[in-house]
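*Asks:* Below: one structure in structure tokens.
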Amino acid sequence: LLLFIWFLVITLAKSVPRSQNQKSLRGEKDSKGVTFADQSTITLKPSTLIIVAGHAVMRLSKLKTAEKSDDGWYLLPYQRNIGFPSIICSHIKTGIELAKKVKDSLLIFSGGQTRKDVGPLSEAASYYFLANEKNWI
């Protein structure tokens with residue numbers, strides 16, 4: 001969860017236009033027509049929190065097939081052969097669809113580095129990488 005929150009903060013920070021001399025550009029347009037705003041006016045105040053709970057870590061080398069294949073995930077025996085990748089994807093898609101519909105919402109993929117044998121990849125990051133690869137977000 002902390003990794004995803006860090007990723008979210010970095011992503012949001014990168015989306016804010018910046019300049020070395022931002023004070024002189026507040027409210028003015030640069031050569032590309034981008035208007036720079038006073039960062040103190042940029043706020044994130046979600047009214048609705050949407051959490052998609054993580055249940056597995058994805059194999060990044062199998063990102064292209066992870067939507068439908070058990071082999072795209074580090075699954076425990078009870079998660080195999082029951083269509084678990086489709087279940088995971090339906091949760092991800094539903095969370096994204098809700099976040100798009102609900103104004104001022106914040107979507108968080110939860111789930112940490114739950115498997116020692118997998119390495120330093122979290123369930124939350126896996127969900128984000130899959131959603132990004134499939135252009136769901």
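In the structure tokens, each chain is lettered A, B, ... as it comes, each chain's residues begin at 1, and ligands are numbered from 1 in order of appearance.
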Please identify all polymer residues within 12 Å of A:Lys134, counting only C-alpha atoms, omitting same-chain residues fewer than 5 positions from it, and present them as a list in words.
*Replies:* Leu63, Lys64, Thr65, Ala66, Glu67, Cys89, Ile92, Lys93, Tyr127, Tyr128 and Phe129 of chain A
*Asks:* Would you mind listing what lies within 12 Å of A:Phe84 as a ChimeraX atom specification, with only C-alpha atoms counted and same-chain residues fewer than 2 positions away left out?
*Replies:* /A:55-58,66-82,86-91
*Asks:* Would you put the residues from that selection into a file with C-alpha atoms, as a CSV table (one decimal), in the first residue's frame?
*Replies:*
chain,number,residue,atom,x,y,z
A,55,HIS,CA,-5.1,-11.0,-3.9
A,56,ALA,CA,-2.1,-12.0,-6.0
A,57,VAL,CA,1.1,-10.7,-7.5
A,58,MET,CA,1.5,-10.7,-11.3
A,66,ALA,CA,-2.1,-12.0,-17.2
A,67,GLU,CA,-5.8,-11.1,-17.9
A,68,LYS,CA,-6.7,-14.7,-18.7
A,69,SER,CA,-3.9,-17.0,-17.7
A,70,ASP,CA,-3.1,-18.5,-14.3
A,71,ASP,CA,0.6,-18.5,-15.4
A,72,GLY,CA,0.5,-14.7,-15.5
A,73,TRP,CA,0.3,-14.7,-11.7
A,74,TYR,CA,2.0,-16.1,-8.6
A,75,LEU,CA,-1.1,-18.0,-7.4
A,76,LEU,CA,-1.5,-20.3,-4.4
A,77,PRO,CA,-2.9,-23.8,-5.1
A,78,TYR,CA,-6.5,-22.8,-4.0
A,79,GLN,CA,-6.4,-19.9,-6.5
A,80,ARG,CA,-5.5,-22.0,-9.6
A,81,ASN,CA,-7.9,-23.4,-12.2
A,82,ILE,CA,-10.9,-21.4,-11.1
A,86,SER,CA,-10.7,-13.0,-14.7
A,87,ILE,CA,-11.9,-12.4,-11.2
A,88,ILE,CA,-8.9,-10.1,-10.4
A,89,CYS,CA,-9.5,-8.2,-13.7
A,90,SER,CA,-13.2,-7.7,-13.0
A,91,HIS,CA,-12.3,-6.2,-9.6
*Asks:* Which residue, A:Ser47, A:Gly119, A:Ala131, A:Gly54, has the smallest gap to A:Glu97 when you use only C-alpha atoms?
*Replies:*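 Residue with the minimum atom-to-atom distance to A:Glu97: A:Ala131.
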*Asks:* List every residue of stretch 59-107 of chain A that DSSP, applied to the backbone of this structure, assigns to alpha helix (DSSP H), and report them as a list in words.
*Replies:*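 Matching residues for alpha helix (DSSP H) in stretch 59-107 of chain A are Phe84, Pro85, Ser86, Ile87, Ile88, Cys89, Ser90, His91, Ile92, Lys93, Thr94, Gly95, Ile96, Glu97, Leu98, Ala99, Lys100 and Lys101 of chain A.
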*Asks:* Okay, now the selection with N, CA, C and O atoms, as a short mmCIF file (atom, residue, chain, number, x, y, z; two decimals), in the first residue's frame?
*Replies:*
data_model
loop_
_atom_site.label_atom_id
_atom_site.label_comp_id
_atom_site.auth_asym_id
_atom_site.auth_seq_id
_atom_site.Cartn_x
_atom_site.Cartn_y
_atom_site.Cartn_z
N PHE A 84 -9.28 -17.38 -11.71
CA PHE A 84 -8.90 -16.29 -10.81
C PHE A 84 -8.42 -15.04 -11.55
O PHE A 84 -8.77 -13.92 -11.14
N PRO A 85 -7.63 -15.16 -12.63
CA PRO A 85 -7.23 -13.94 -13.34
C PRO A 85 -8.43 -13.11 -13.83
O PRO A 85 -8.40 -11.88 -13.78
N SER A 86 -9.47 -13.76 -14.28
CA SER A 86 -10.68 -13.04 -14.71
C SER A 86 -11.35 -12.34 -13.54
O SER A 86 -11.88 -11.23 -13.68
N ILE A 87 -11.34 -13.00 -12.39
CA ILE A 87 -11.92 -12.40 -11.18
C ILE A 87 -11.13 -11.15 -10.80
O ILE A 87 -11.71 -10.09 -10.53
N ILE A 88 -9.80 -11.27 -10.78
CA ILE A 88 -8.94 -10.14 -10.45
C ILE A 88 -9.21 -8.99 -11.42
O ILE A 88 -9.39 -7.84 -11.00
N CYS A 89 -9.26 -9.28 -12.69
CA CYS A 89 -9.47 -8.24 -13.71
C CYS A 89 -10.83 -7.59 -13.56
O CYS A 89 -10.96 -6.37 -13.75
N SER A 90 -11.85 -8.35 -13.19
CA SER A 90 -13.17 -7.75 -13.01
C SER A 90 -13.15 -6.78 -11.83
O SER A 90 -13.80 -5.74 -11.87
N HIS A 91 -12.40 -7.11 -10.78
CA HIS A 91 -12.28 -6.20 -9.64
C HIS A 91 -11.56 -4.91 -10.05
O HIS A 91 -11.99 -3.81 -9.68
N ILE A 92 -10.47 -5.05 -10.78
CA ILE A 92 -9.71 -3.88 -11.24
C ILE A 92 -10.58 -2.99 -12.11
O ILE A 92 -10.66 -1.77 -11.91
N LYS A 93 -11.23 -3.59 -13.10
CA LYS A 93 -12.08 -2.82 -14.03
C LYS A 93 -13.23 -2.13 -13.30
O LYS A 93 -13.55 -0.98 -13.58
N THR A 94 -13.85 -2.83 -12.37
CA THR A 94 -14.97 -2.25 -11.62
C THR A 94 -14.50 -1.06 -10.80
O THR A 94 -15.17 -0.02 -10.76
N GLY A 95 -13.35 -1.19 -10.14
CA GLY A 95 -12.81 -0.07 -9.38
C GLY A 95 -12.53 1.13 -10.26
O GLY A 95 -12.86 2.27 -9.90
N ILE A 96 -11.96 0.90 -11.42
CA ILE A 96 -11.65 1.99 -12.35
C ILE A 96 -12.93 2.63 -12.87
O ILE A 96 -13.05 3.86 -12.93
N GLU A 97 -13.92 1.81 -13.23
CA GLU A 97 -15.19 2.34 -13.72
C GLU A 97 -15.88 3.19 -12.66
O GLU A 97 -16.42 4.26 -12.95
N LEU A 98 -15.87 2.72 -11.42
CA LEU A 98 -16.47 3.50 -10.32
C LEU A 98 -15.74 4.83 -10.14
O LEU A 98 -16.38 5.87 -9.96
N ALA A 99 -14.41 4.78 -10.18
CA ALA A 99 -13.63 6.00 -10.01
C ALA A 99 -13.91 7.01 -11.12
O ALA A 99 -13.91 8.22 -10.88
N LYS A 100 -14.16 6.53 -12.31
CA LYS A 100 -14.49 7.43 -13.42
C LYS A 100 -15.88 8.03 -13.27
O LYS A 100 -16.12 9.15 -13.68
N LYS A 101 -16.80 7.27 -12.68
CA LYS A 101 -18.19 7.73 -12.54
C LYS A 101 -18.38 8.66 -11.34
O LYS A 101 -19.21 9.56 -11.38
#
